[in-house]
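Colleague: I am sharing final-v6.pdb, which consists of PDB, C-alpha atoms and all ligand atoms:
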```
ATOM      1  CA  MET C   1     128.697  36.048 156.125
ATOM      2  CA  LEU C   2     128.365  37.557 159.563
ATOM      3  CA  THR C   3     131.087  39.776 160.951
ATOM      4  CA  THR C   4     131.983  40.338 164.574
ATOM      5  CA  VAL C   5     134.869  41.523 166.735
ATOM      6  CA  VAL C   6     136.792  39.650 169.393
ATOM      7  CA  GLY C   7     136.156  42.423 171.872
ATOM      8  CA  SER C   8     138.544  45.119 173.005
ATOM      9  CA  TYR C   9     138.771  48.431 171.174
ATOM     10  CA  PRO C  10     141.522  51.080 171.459
ATOM     11  CA  VAL C  11     140.764  53.449 174.309
ATOM     12  CA  SER C  12     142.122  56.750 175.492
ATOM     13  CA  ASP C  13     142.206  57.692 179.169
ATOM     14  CA  PRO C  14     138.839  57.905 180.922
ATOM     15  CA  CYS C  15     137.092  61.128 179.926
ATOM     16  CA  VAL C  16     136.910  64.225 182.121
ATOM     17  CA  PRO C  17     133.411  65.695 182.238
ATOM     18  CA  GLU C  18     133.074  68.535 179.720
ATOM     19  CA  SER C  19     129.401  69.018 178.876
ATOM     20  CA  ILE C  20     127.121  70.707 181.385
ATOM     21  CA  SER C  21     125.137  67.486 181.950
ATOM     22  CA  SER C  22     128.279  65.430 182.585
ATOM     23  CA  LYS C  23     129.572  68.140 184.956
ATOM     24  CA  ILE C  24     126.284  67.950 186.874
ATOM     25  CA  SER C  25     126.545  64.111 186.957
ATOM     26  CA  ASN C  26     130.087  64.445 188.225
ATOM     27  CA  PHE C  27     128.962  66.865 190.933
ATOM     28  CA  LEU C  28     126.287  64.349 191.980
ATOM     29  CA  GLY C  29     128.859  61.539 191.993
ATOM     30  CA  VAL C  30     127.205  59.515 189.214
ATOM     31  CA  TYR C  31     129.462  60.445 186.282
ATOM     32  CA  ASP C  32     131.015  57.394 184.627
ATOM     33  CA  PRO C  33     134.172  58.416 182.724
ATOM     34  CA  TYR C  34     134.194  55.166 180.736
ATOM     35  CA  ILE C  35     130.793  55.645 179.091
ATOM     36  CA  PRO C  36     132.062  58.099 176.411
ATOM     37  CA  LEU C  37     134.739  55.510 175.521
ATOM     38  CA  LEU C  38     132.126  52.755 175.255
ATOM     39  CA  GLU C  39     129.947  54.941 173.012
ATOM     40  CA  LEU C  40     132.884  55.712 170.772
ATOM     41  CA  ALA C  41     133.843  52.034 170.442
ATOM     42  CA  VAL C  42     130.244  51.052 169.640
ATOM     43  CA  LYS C  43     129.769  53.828 167.076
ATOM     44  CA  ASP C  44     133.017  52.902 165.294
ATOM     45  CA  GLN C  45     132.061  49.230 165.069
ATOM     46  CA  VAL C  46     128.544  50.001 163.826
ATOM     47  CA  THR C  47     129.855  52.567 161.332
ATOM     48  CA  ALA C  48     132.327  49.994 160.005
ATOM     49  CA  GLY C  49     129.349  47.700 159.322
ATOM     50  CA  VAL C  50     130.154  44.997 161.884
ATOM     51  CA  ASP C  51     127.111  42.780 162.614
ATOM     52  CA  ILE C  52     127.777  41.533 166.137
ATOM     53  CA  ILE C  53     129.625  44.222 168.040
ATOM     54  CA  SER C  54     131.070  44.436 171.564
ATOM     55  CA  ASP C  55     131.009  47.159 174.214
ATOM     56  CA  GLY C  56     134.706  47.680 173.454
ATOM     57  CA  GLN C  57     135.880  46.226 176.799
ATOM     58  CA  ILE C  58     136.879  49.733 177.789
ATOM     59  CA  ARG C  59     137.226  49.262 181.559
ATOM     60  CA  GLY C  60     140.538  47.448 181.654
ATOM     61  CA  ASP C  61     142.149  44.272 180.450
ATOM     62  CA  MET C  62     140.396  40.913 180.401
ATOM     63  CA  ILE C  63     141.939  39.706 183.681
ATOM     64  CA  GLU C  64     141.804  42.937 185.644
ATOM     65  CA  VAL C  65     138.078  43.602 185.175
ATOM     66  CA  PHE C  66     137.189  40.252 186.737
ATOM     67  CA  ALA C  67     139.923  40.252 189.404
ATOM     68  CA  ARG C  68     138.689  43.635 190.644
ATOM     69  CA  HIS C  69     135.109  42.503 191.143
ATOM     70  CA  LEU C  70     134.825  38.759 191.781
ATOM     71  CA  PRO C  71     134.631  37.837 195.489
ATOM     72  CA  GLY C  72     137.816  35.945 196.389
ATOM     73  CA  MET C  73     139.987  37.913 193.953
ATOM     74  CA  VAL C  74     141.886  41.167 194.109
ATOM     75  CA  PHE C  75     143.903  43.191 191.614
ATOM     76  CA  LYS C  76     146.912  44.729 193.311
ATOM     77  CA  ASP C  77     150.364  45.877 192.155
ATOM     78  CA  ASN C  78     149.319  45.087 188.598
ATOM     79  CA  THR C  79     148.764  41.448 189.584
ATOM     80  CA  SER C  80     145.615  39.384 189.804
ATOM     81  CA  LYS C  81     145.441  37.380 193.030
ATOM     82  CA  ILE C  82     143.112  34.697 194.330
ATOM     83  CA  PHE C  83     143.128  34.971 198.132
ATOM     84  CA  ASP C  84     139.771  33.496 199.195
ATOM     85  CA  LYS C  85     137.045  31.169 197.922
ATOM     86  CA  ILE C  86     135.809  32.422 194.570
ATOM     87  CA  LYS C  87     132.095  33.144 194.547
ATOM     88  CA  PRO C  88     129.691  34.725 192.077
ATOM     89  CA  ALA C  89     129.518  38.512 192.316
ATOM     90  CA  ASN C  90     126.192  39.745 193.675
ATOM     91  CA  HIS C  91     125.816  42.127 190.740
ATOM     92  CA  SER C  92     126.548  41.675 187.040
ATOM     93  CA  LEU C  93     129.999  42.947 186.076
ATOM     94  CA  GLY C  94     129.163  43.714 182.457
ATOM     95  CA  GLY C  95     125.355  43.837 182.231
ATOM     96  CA  ASN C  96     124.972  47.618 182.409
ATOM     97  CA  ASP C  97     127.686  48.232 179.817
ATOM     98  CA  LEU C  98     126.064  45.683 177.529
ATOM     99  CA  LYS C  99     122.679  47.419 177.837
ATOM    100  CA  HIS C 100     124.301  50.777 177.136
ATOM    101  CA  ALA C 101     126.109  49.324 174.112
ATOM    102  CA  ILE C 102     122.770  48.030 172.750
ATOM    103  CA  LYS C 103     121.156  51.457 173.218
ATOM    104  CA  THR C 104     124.094  53.205 171.573
ATOM    105  CA  ALA C 105     124.047  50.785 168.621
ATOM    106  CA  GLN C 106     120.291  51.367 168.226
ATOM    107  CA  LYS C 107     120.817  55.133 168.167
ATOM    108  CA  THR C 108     123.627  54.774 165.624
ATOM    109  CA  SER C 109     121.860  52.426 163.194
ATOM    110  CA  SER C 110     118.218  51.416 162.790
ATOM    111  CA  ASP C 111     119.455  47.919 161.844
ATOM    112  CA  PHE C 112     119.874  47.287 165.569
ATOM    113  CA  LEU C 113     116.138  47.990 166.064
ATOM    114  CA  ASP C 114     114.919  45.838 163.169
ATOM    115  CA  SER C 115     113.147  42.762 164.564
ATOM    116  CA  THR C 116     113.827  40.769 161.384
ATOM    117  CA  LYS C 117     117.545  41.115 162.123
ATOM    118  CA  LEU C 118     117.438  40.445 165.846
ATOM    119  CA  ASP C 119     115.966  36.937 165.868
ATOM    120  CA  ILE C 120     118.369  34.623 167.663
ATOM    121  CA  ASN C 121     117.236  31.732 165.425
ATOM    122  CA  LEU C 122     119.261  33.397 162.670
ATOM    123  CA  LEU C 123     122.339  32.191 164.522
ATOM    124  CA  VAL C 124     121.335  28.565 164.811
ATOM    125  CA  GLY C 125     122.125  25.706 162.441
ATOM    126  CA  ASN C 126     121.773  26.377 158.743
ATOM    127  CA  ASN C 127     120.132  29.720 159.473
ATOM    128  CA  PHE C 128     123.518  31.255 160.347
ATOM    129  CA  ASN C 129     122.510  34.463 158.692
ATOM    130  CA  LYS C 130     124.202  37.530 157.338
ATOM    131  CA  ASN C 131     121.272  39.753 158.314
ATOM    132  CA  PHE C 132     121.696  39.347 162.046
ATOM    133  CA  LYS C 133     122.570  42.328 164.266
ATOM    134  CA  GLY C 134     123.419  42.316 167.944
ATOM    135  CA  VAL C 135     125.845  42.910 170.780
ATOM    136  CA  LYS C 136     127.904  40.124 172.344
ATOM    137  CA  GLY C 137     128.527  39.587 176.032
ATOM    138  CA  ILE C 138     132.118  38.675 176.844
ATOM    139  CA  ILE C 139     133.618  36.851 179.781
ATOM    140  CA  THR C 140     137.172  35.751 180.398
ATOM    141  CA  GLY C 141     137.363  31.974 180.672
ATOM    142  CA  PRO C 142     137.818  30.199 184.012
ATOM    143  CA  THR C 143     141.066  28.473 183.015
ATOM    144  CA  THR C 144     142.619  31.706 181.770
ATOM    145  CA  LEU C 145     141.510  33.647 184.853
ATOM    146  CA  VAL C 146     142.917  31.086 187.285
ATOM    147  CA  LEU C 147     146.191  30.402 185.452
ATOM    148  CA  SER C 148     146.964  34.091 185.101
ATOM    149  CA  SER C 149     146.395  34.791 188.809
ATOM    150  CA  ARG C 150     148.592  34.227 191.834
ATOM    151  CA  VAL C 151     146.960  31.818 194.275
ATOM    152  CA  GLU C 152     147.548  32.526 197.937
ATOM    153  CA  GLY C 153     145.593  31.702 201.114
ATOM    154  CA  PHE C 154     142.322  29.785 200.844
ATOM    155  CA  TYR C 155     143.232  27.426 197.970
ATOM    156  CA  ASN C 156     146.848  26.868 199.049
ATOM    157  CA  ARG C 157     146.513  23.091 199.243
ATOM    158  CA  ASP C 158     144.034  22.650 196.424
ATOM    159  CA  LYS C 159     144.660  21.599 192.873
ATOM    160  CA  LYS C 160     144.081  24.134 190.085
ATOM    161  CA  GLU C 161     141.117  22.031 188.971
ATOM    162  CA  LYS C 162     139.144  22.884 192.125
ATOM    163  CA  ILE C 163     139.805  26.608 191.701
ATOM    164  CA  ILE C 164     138.850  26.515 188.019
ATOM    165  CA  MET C 165     135.536  24.805 188.854
ATOM    166  CA  ASP C 166     134.707  27.441 191.493
ATOM    167  CA  MET C 167     135.628  30.110 188.945
ATOM    168  CA  ALA C 168     133.318  28.487 186.405
ATOM    169  CA  MET C 169     130.416  28.617 188.887
ATOM    170  CA  ALA C 170     131.062  32.337 189.439
ATOM    171  CA  LEU C 171     131.276  33.008 185.698
ATOM    172  CA  LYS C 172     128.138  30.967 185.021
ATOM    173  CA  ARG C 173     126.175  33.628 186.940
ATOM    174  CA  GLU C 174     127.807  36.423 184.919
ATOM    175  CA  ALA C 175     127.169  34.700 181.576
ATOM    176  CA  TYR C 176     123.499  34.284 182.517
ATOM    177  CA  SER C 177     123.287  37.949 183.557
ATOM    178  CA  LEU C 178     124.717  39.007 180.193
ATOM    179  CA  GLN C 179     122.162  36.835 178.415
ATOM    180  CA  GLU C 180     119.390  38.467 180.461
ATOM    181  CA  ALA C 181     120.831  41.931 179.684
ATOM    182  CA  GLY C 182     120.228  41.259 175.973
ATOM    183  CA  ALA C 183     123.441  39.693 174.669
ATOM    184  CA  ALA C 184     123.083  38.130 171.197
ATOM    185  CA  ILE C 185     125.804  35.624 171.925
ATOM    186  CA  ILE C 186     128.200  34.954 174.794
ATOM    187  CA  GLN C 187     131.903  34.810 174.053
ATOM    188  CA  ILE C 188     134.296  33.092 176.437
ATOM    189  CA  ASP C 189     137.937  34.122 176.032
ATOM    190  CA  GLU C 190     140.369  31.273 176.756
ATOM    191  CA  PRO C 191     143.773  32.282 175.338
ATOM    192  CA  TYR C 192     145.543  30.033 177.877
ATOM    193  CA  LEU C 193     144.297  26.906 176.126
ATOM    194  CA  SER C 194     146.903  27.299 173.381
ATOM    195  CA  THR C 195     149.850  27.881 175.722
ATOM    196  CA  GLY C 196     150.403  24.241 176.669
ATOM    197  CA  VAL C 197     150.006  24.919 180.402
ATOM    198  CA  ALA C 198     146.255  24.327 180.632
ATOM    199  CA  ASP C 199     144.602  20.986 181.381
ATOM    200  CA  LEU C 200     142.118  20.694 178.519
ATOM    201  CA  LYS C 201     139.868  18.217 180.302
ATOM    202  CA  THR C 202     139.395  20.567 183.246
ATOM    203  CA  ALA C 203     138.951  23.497 180.861
ATOM    204  CA  LYS C 204     136.265  21.585 178.970
ATOM    205  CA  ASN C 205     134.353  20.660 182.142
ATOM    206  CA  ALA C 206     134.519  24.274 183.300
ATOM    207  CA  ILE C 207     133.131  25.603 180.013
ATOM    208  CA  LYS C 208     130.270  23.100 180.236
ATOM    209  CA  ILE C 209     129.333  24.473 183.668
ATOM    210  CA  ILE C 210     129.068  27.987 182.198
ATOM    211  CA  THR C 211     127.171  27.090 179.038
ATOM    212  CA  ASP C 212     124.753  24.519 180.465
ATOM    213  CA  ASN C 213     121.722  26.733 181.016
ATOM    214  CA  LEU C 214     122.301  29.394 178.368
ATOM    215  CA  SER C 215     119.812  29.620 175.519
ATOM    216  CA  ILE C 216     121.897  31.867 173.235
ATOM    217  CA  PRO C 217     124.887  30.682 171.158
ATOM    218  CA  VAL C 218     128.288  30.616 172.845
ATOM    219  CA  SER C 219     131.612  31.260 171.145
ATOM    220  CA  MET C 220     134.994  30.359 172.626
ATOM    221  CA  HIS C 221     137.905  32.535 171.531
ATOM    222  CA  VAL C 222     141.305  30.852 171.683
ATOM    223  CA  CYS C 223     144.149  32.878 170.249
ATOM    224  CA  GLY C 224     147.614  31.567 169.543
ATOM    225  CA  ASP C 225     148.824  28.462 167.722
ATOM    226  CA  ILE C 226     146.034  25.873 167.799
ATOM    227  CA  GLY C 227     147.910  23.135 165.920
ATOM    228  CA  ASP C 228     148.089  20.776 168.920
ATOM    229  CA  ILE C 229     144.743  21.565 170.551
ATOM    230  CA  PHE C 230     142.239  22.271 167.784
ATOM    231  CA  LYS C 231     140.983  18.712 167.704
ATOM    232  CA  ASP C 232     140.277  18.877 171.461
ATOM    233  CA  ILE C 233     138.663  22.299 171.603
ATOM    234  CA  LEU C 234     136.260  21.302 168.830
ATOM    235  CA  LYS C 235     134.698  19.016 171.469
ATOM    236  CA  PHE C 236     133.924  21.803 173.952
ATOM    237  CA  SER C 237     130.247  22.534 174.605
ATOM    238  CA  VAL C 238     130.065  25.754 172.600
ATOM    239  CA  GLN C 239     128.556  26.453 169.184
ATOM    240  CA  ILE C 240     131.381  28.580 167.779
ATOM    241  CA  ILE C 241     135.177  28.149 168.016
ATOM    242  CA  ASP C 242     137.011  31.382 167.252
ATOM    243  CA  CYS C 243     140.726  31.435 166.335
ATOM    244  CA  GLU C 244     143.385  33.536 164.589
ATOM    245  CA  PHE C 245     144.024  32.779 160.935
ATOM    246  CA  ALA C 246     145.502  36.043 159.593
ATOM    247  CA  GLY C 247     148.538  36.416 161.852
ATOM    248  CA  LEU C 248     148.961  32.642 162.221
ATOM    249  CA  PRO C 249     148.466  31.148 158.751
ATOM    250  CA  ASN C 250     149.558  27.739 160.082
ATOM    251  CA  ASN C 251     146.255  27.550 161.951
ATOM    252  CA  ILE C 252     144.628  26.985 158.558
ATOM    253  CA  LYS C 253     146.344  23.582 158.443
ATOM    254  CA  ALA C 254     144.692  22.576 161.721
ATOM    255  CA  LEU C 255     141.346  23.697 160.320
ATOM    256  CA  GLU C 256     141.928  21.678 157.168
ATOM    257  CA  GLN C 257     142.939  18.539 159.034
ATOM    258  CA  GLU C 258     140.546  18.544 161.992
ATOM    259  CA  TYR C 259     137.358  20.390 161.057
ATOM    260  CA  GLY C 260     134.513  17.936 160.987
ATOM    261  CA  GLY C 261     131.521  20.245 160.615
ATOM    262  CA  SER C 262     130.269  20.048 164.187
ATOM    263  CA  LYS C 263     130.955  23.718 164.997
ATOM    264  CA  LYS C 264     130.671  27.143 163.476
ATOM    265  CA  ILE C 265     134.086  28.758 163.065
ATOM    266  CA  GLY C 266     134.966  32.280 164.127
ATOM    267  CA  PHE C 267     137.532  33.020 161.458
ATOM    268  CA  GLY C 268     140.117  35.670 162.370
ATOM    269  CA  CYS C 269     140.899  37.282 159.024
ATOM    270  CA  ILE C 270     142.497  40.578 160.062
ATOM    271  CA  ASP C 271     145.960  40.702 161.651
ATOM    272  CA  THR C 272     145.628  42.552 164.969
ATOM    273  CA  LYS C 273     149.327  42.424 165.846
ATOM    274  CA  VAL C 274     150.470  44.899 163.183
ATOM    275  CA  GLU C 275     149.487  48.533 162.594
ATOM    276  CA  ASP C 276     149.593  48.112 158.807
ATOM    277  CA  VAL C 277     146.084  47.853 157.464
ATOM    278  CA  ASP C 278     145.603  44.488 155.748
ATOM    279  CA  GLU C 279     145.454  44.445 151.945
ATOM    280  CA  LEU C 280     141.988  43.779 150.553
ATOM    281  CA  ASP C 281     143.000  40.965 148.196
ATOM    282  CA  HIS C 282     144.926  39.287 151.006
ATOM    283  CA  VAL C 283     141.877  39.340 153.294
ATOM    284  CA  VAL C 284     139.546  38.144 150.518
ATOM    285  CA  ASN C 285     141.889  35.246 149.666
ATOM    286  CA  LEU C 286     142.207  34.250 153.302
ATOM    287  CA  ILE C 287     138.423  34.226 153.765
ATOM    288  CA  LYS C 288     138.122  32.189 150.586
ATOM    289  CA  LYS C 289     140.446  29.556 152.077
ATOM    290  CA  GLY C 290     138.293  29.412 155.214
ATOM    291  CA  VAL C 291     135.063  29.196 153.213
ATOM    292  CA  ASP C 292     136.470  26.383 151.073
ATOM    293  CA  ILE C 293     137.187  24.351 154.209
ATOM    294  CA  VAL C 294     134.136  24.953 156.415
ATOM    295  CA  GLY C 295     131.504  26.371 154.050
ATOM    296  CA  GLU C 296     130.003  29.859 154.017
ATOM    297  CA  GLU C 297     127.117  28.732 156.239
ATOM    298  CA  ASN C 298     129.530  27.810 159.034
ATOM    299  CA  ILE C 299     131.782  30.835 159.156
ATOM    300  CA  MET C 300     131.714  34.072 161.115
ATOM    301  CA  LEU C 301     134.456  36.605 160.392
ATOM    302  CA  ASP C 302     136.360  38.722 162.860
ATOM    303  CA  PRO C 303     139.775  40.231 163.495
ATOM    304  CA  ASP C 304     142.293  37.754 164.984
ATOM    305  CA  CYS C 305     142.128  39.108 168.525
ATOM    306  CA  GLY C 306     141.178  42.193 170.539
ATOM    307  CA  MET C 307     142.246  45.561 169.117
ATOM    308  CA  ARG C 308     143.227  47.357 172.317
ATOM    309  CA  MET C 309     146.884  47.774 171.317
ATOM    310  CA  LEU C 310     146.153  49.431 167.973
ATOM    311  CA  SER C 311     145.471  53.114 167.385
ATOM    312  CA  ARG C 312     141.808  53.990 166.956
ATOM    313  CA  ASP C 313     142.278  55.114 163.328
ATOM    314  CA  VAL C 314     143.937  51.814 162.420
ATOM    315  CA  ALA C 315     141.354  49.724 164.278
ATOM    316  CA  LEU C 316     138.526  51.431 162.400
ATOM    317  CA  LEU C 317     140.281  50.998 159.036
ATOM    318  CA  LYS C 318     140.883  47.311 159.784
ATOM    319  CA  LEU C 319     137.216  46.730 160.651
ATOM    320  CA  LYS C 320     136.174  48.511 157.453
ATOM    321  CA  LYS C 321     138.592  46.340 155.482
ATOM    322  CA  MET C 322     136.948  43.233 156.924
ATOM    323  CA  THR C 323     133.414  44.347 156.005
ATOM    324  CA  GLU C 324     134.619  45.461 152.562
ATOM    325  CA  ALA C 325     136.118  41.981 152.029
ATOM    326  CA  VAL C 326     132.792  40.331 152.928
ATOM    327  CA  GLY C 327     131.199  42.302 150.105
ATOM    328  CA  TRP C 328     133.228  40.213 147.637
ATOM    329  CA  PHE C 329     131.319  37.051 148.557
TER     330      PHE C 329
HETATM  331 ZN    ZN C 401     142.788  36.728 171.573
END
```
Can you present the structure in this file as structure tokens?
Ligand SMILES: [Zn+2]

Modeller:
Amino acid sequence: MLTTVVGSYPVSDPCVPESISSKISNFLGVYDPYIPLLELAVKDQVTAGVDIISDGQIRGDMIEVFARHLPGMVFKDNTSKIFDKIKPANHSLGGNDLKHAIKTAQKTSSDFLDSTKLDINLLVGNNFNKNFKGVKGIITGPTTLVLSSRVEGFYNRDKKEKIIMDMAMALKREAYSLQEAGAAIIQIDEPYLSTGVADLKTAKNAIKIITDNLSIPVSMHVCGDIGDIFKDILKFSVQIIDCEFAGLPNNIKALEQEYGGSKKIGFGCIDTKVEDVDELDHVVNLIKKGVDIVGEENIMLDPDCGMRMLSRDVALLKLKKMTEAVGWF
């Protein structure tokens, strides 16, 4: 079974330049204090044996990084605001980090250079393969971005639906840029879909806009209790639906009742809300439950959610526990 991460990795403060080369870069104004954090996150994930890694989402939280850079949005006083028409950014927000993550993974493990493990067909249909290696591109979903922002100015009289559709058009460009930068899959994070405040029909239409012209698999991550919405999100135009099953064991019931085989399942099997490292037999048993319901050929394993709030030591141990558990199958 393939393993992946949801995305964020624990980070320290941005690094001050220490080596001579980084001091020279700093002097020239091209030093990027986040790059050492990205490299650390990538190396930890690769060392833990994770197959599809992320860049660690080291530049800020999932709302902030988009609110700071998308035209029409601003991040001020710790709040994301939509003040003008949302348009695609004229540069990729995450493309350079993704490329750097790929390079770092390749330097850390030759598996990430092996063409037999990089073929995207290994992720399609019954080929869903445990020998695949790659880096995922991650975007925050249009519904989540709009519902977590304050709307003032341009869209004052508009319904949320109109704003979400404009957001989807802007994110479509970013998703395509990440694909072009070498992403193995695209993941769209839509935690708001389980809160009860999102209109699922609008959310579904918005996701379709983003995924329409992508040629790589797309996963949608929805954390929280999916009991009431799982049936609906299984109809979204993505190949993989990714949810929490370790911290929210009740989600298993939804999987049991609603799963019809049309999607691959991203199966959160590590609890990311607690610092205690999950017990091996507990993780193995949980995975077994998931496999019994959806079949080994339809499952991809990951921690429940991002790991930003954990300490780095714990995050690494949790990832290792996940890959150790896979070894039992
Ligand atoms: Zn999450």

Colleague: With distances taken over all atoms listed in the file, which of C:Gln106, C:Thr202, C:Gln257, C:Asn213 is nearest to C:Ala175?

Modeller: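 Going through C:Gln106, C:Thr202, C:Gln257, C:Asn213 one by one, the smallest distance to C:Ala175 is for C:Asn213.
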
Colleague: List every protein, DNA or RNA residue that has at least one atom no more than 10 Å from (118.1, 42.4, 171.5) in the file's coordinates, counting only C-alpha atoms, and write the result as a list of chain:residue names.

Modeller: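 Every residue inside that radius is included here: C:Lys99, C:Ile102, C:Lys103, C:Gln106, C:Phe112, C:Leu113, C:Asp114, C:Ser115, C:Lys117, C:Leu118, C:Asp119, C:Ile120, C:Lys133, C:Gly134, C:Val135, C:Gln179, C:Glu180, C:Ala181, C:Gly182, C:Ala183, C:Ala184.
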
Colleague: Identify, counting all atoms listed in the file, the protein, DNA and RNA residues located within 6 Å of ligand ZN 401 (chain C), and give them as number ranges by chain.

Modeller: C: 191, 223, 305-306

Colleague: Evaluating the PyMOL selection byres (((chain C and resi 138-151) around 8) and not hetatm) on the displayed file yields which residues, as a VMD selection string?

Modeller: chain C and resid 7 54 62 to 63 66 79 to 83 136 to 137 152 to 153 155 to 156 160 163 to 165 167 to 168 171 174 to 175 186 to 193 198 203 206 to 207

Colleague: Take the residues that were just selected and, keeping C-alpha atoms, output them as a short mmCIF file (atom, residue, chain, number, x, y, z; two decimals), in the coordinates of the input.

Modeller:
```
data_model
loop_
_atom_site.label_atom_id
_atom_site.label_comp_id
_atom_site.auth_asym_id
_atom_site.auth_seq_id
_atom_site.Cartn_x
_atom_site.Cartn_y
_atom_site.Cartn_z
CA GLY C 7 136.16 42.42 171.87
CA SER C 54 131.07 44.44 171.56
CA MET C 62 140.40 40.91 180.40
CA ILE C 63 141.94 39.71 183.68
CA PHE C 66 137.19 40.25 186.74
CA THR C 79 148.76 41.45 189.58
CA SER C 80 145.62 39.38 189.80
CA LYS C 81 145.44 37.38 193.03
CA ILE C 82 143.11 34.70 194.33
CA PHE C 83 143.13 34.97 198.13
CA LYS C 136 127.90 40.12 172.34
CA GLY C 137 128.53 39.59 176.03
CA GLU C 152 147.55 32.53 197.94
CA GLY C 153 145.59 31.70 201.11
CA TYR C 155 143.23 27.43 197.97
CA ASN C 156 146.85 26.87 199.05
CA LYS C 160 144.08 24.13 190.08
CA ILE C 163 139.80 26.61 191.70
CA ILE C 164 138.85 26.52 188.02
CA MET C 165 135.54 24.80 188.85
CA MET C 167 135.63 30.11 188.94
CA ALA C 168 133.32 28.49 186.40
CA LEU C 171 131.28 33.01 185.70
CA GLU C 174 127.81 36.42 184.92
CA ALA C 175 127.17 34.70 181.58
CA ILE C 186 128.20 34.95 174.79
CA GLN C 187 131.90 34.81 174.05
CA ILE C 188 134.30 33.09 176.44
CA ASP C 189 137.94 34.12 176.03
CA GLU C 190 140.37 31.27 176.76
CA PRO C 191 143.77 32.28 175.34
CA TYR C 192 145.54 30.03 177.88
CA LEU C 193 144.30 26.91 176.13
CA ALA C 198 146.26 24.33 180.63
CA ALA C 203 138.95 23.50 180.86
CA ALA C 206 134.52 24.27 183.30
CA ILE C 207 133.13 25.60 180.01
#
```

Colleague: For this file, the PyMOL selection byres (((chain C and resi 323) around 9) and not hetatm) selects which residues, as a list in words?

Modeller: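 Selected by the PyMOL selection byres (((chain C and resi 323) around 9) and not hetatm) here: Thr3, Ala48, Gly49, Val50, Leu301, Lys318, Leu319, Lys320, Lys321, Met322, Glu324, Ala325, Val326 and Gly327 of chain C.
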
Colleague: Show which residues sit within 10 Å of C:Asp304, as a list of chain:residue names. Count only C-alpha atoms, and ignore same-chain residues fewer than 5 positions away.

Modeller: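 Listed by chain and then number, they are C:Val5, C:Val6, C:His221, C:Val222, C:Cys223, C:Gly224, C:Asp242, C:Cys243, C:Glu244, C:Phe245, C:Ala246, C:Gly247, C:Leu248, C:Gly266, C:Phe267, C:Gly268, C:Cys269, C:Ile270, C:Asp271, C:Thr272, C:Lys273.
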
Colleague: What do you get, as JSON, numbers by chain, if you spell out every residue that the PyMOL selection byres (((chain C and resi 239) around 9) and not hetatm) selects here?

Modeller: {"C": [124, 217, 218, 219, 220, 236, 237, 238, 240, 241, 262, 263, 264, 265]}

Colleague: I'd like the box whose edges run along x, y and z of the file and which contains every listed atom of stretch 214-233 of chain C, padded by 4 Å per side; could you state its centre and edge lengths in Å, one decimal, as lines of an AutoDock Vina configuration file?

Modeller:
```
center_x = 134.3
center_y = 25.8
center_z = 172.1
size_x = 37.0
size_y = 22.2
size_z = 20.4
```

Colleague: Can you tell me which residues surround C:Lys107 at a distance of at most 12 Å, considering all atoms listed in the file, apart from same-chain residues fewer than 3 positions away, and format the answer as a list in words?

Modeller: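 These residues fall inside the cut-off: Glu39, Val42, Lys43, Val46, Thr47, His100, Ala101, Ile102, Lys103, Thr104, Ser110, Asp111, Phe112 and Leu113 of chain C.
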
Colleague: Interatomic distance between atom CA of C:Ser12 and atom CA of C:Gly56?

Modeller: 11.9 Å

Colleague: Can you pull out the residues contacting C:Glu258? Cut-off 9 Å, using only C-alpha atoms, and skip same-chain residues under 5 positions away; I want them as a list in words.

Modeller: Phe230, Lys231, Leu234 and Lys253 of chain C

Colleague: Using atom CA of C:Gly94 and atom CA of C:Asp302 as the two end points, give the distance in Å to one decimal.

Modeller: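 Value for the atom CA of C:Gly94-atom CA of C:Asp302 distance: 21.5 Å.
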
Colleague: What is the distance, in Å and to one decimal place, between atom CA of C:Ser177 and atom CA of C:Asn96?

Modeller: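 Interatomic distance, atom CA of C:Ser177 to atom CA of C:Asn96: 9.9 Å.
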
Colleague: Smallest atom-to-atom distance to C:Gly196: which of C:Thr211, C:Leu70, C:Asn26, C:Ile226, using all atoms listed in the file?

Modeller: C:Ile226

Colleague: Excluding C:Glu296 and any residue of its chain fewer than 6 positions from it, enumerate the residues within 12 Å of it, using only C-alpha atoms, and give them as a tab-separated table (two decimals) with C-alpha atoms, in the frame of the given file.

Modeller:
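The new file part-v4.tsv reads:
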```tsv
chain	number	residue	atom	x	y	z
C	1	MET	CA	128.70	36.05	156.12
C	2	LEU	CA	128.36	37.56	159.56
C	126	ASN	CA	121.77	26.38	158.74
C	127	ASN	CA	120.13	29.72	159.47
C	128	PHE	CA	123.52	31.26	160.35
C	129	ASN	CA	122.51	34.46	158.69
C	130	LYS	CA	124.20	37.53	157.34
C	261	GLY	CA	131.52	20.24	160.62
C	264	LYS	CA	130.67	27.14	163.48
C	265	ILE	CA	134.09	28.76	163.06
C	266	GLY	CA	134.97	32.28	164.13
C	267	PHE	CA	137.53	33.02	161.46
C	287	ILE	CA	138.42	34.23	153.76
C	288	LYS	CA	138.12	32.19	150.59
C	289	LYS	CA	140.45	29.56	152.08
C	290	GLY	CA	138.29	29.41	155.21
C	326	VAL	CA	132.79	40.33	152.93
C	329	PHE	CA	131.32	37.05	148.56
```
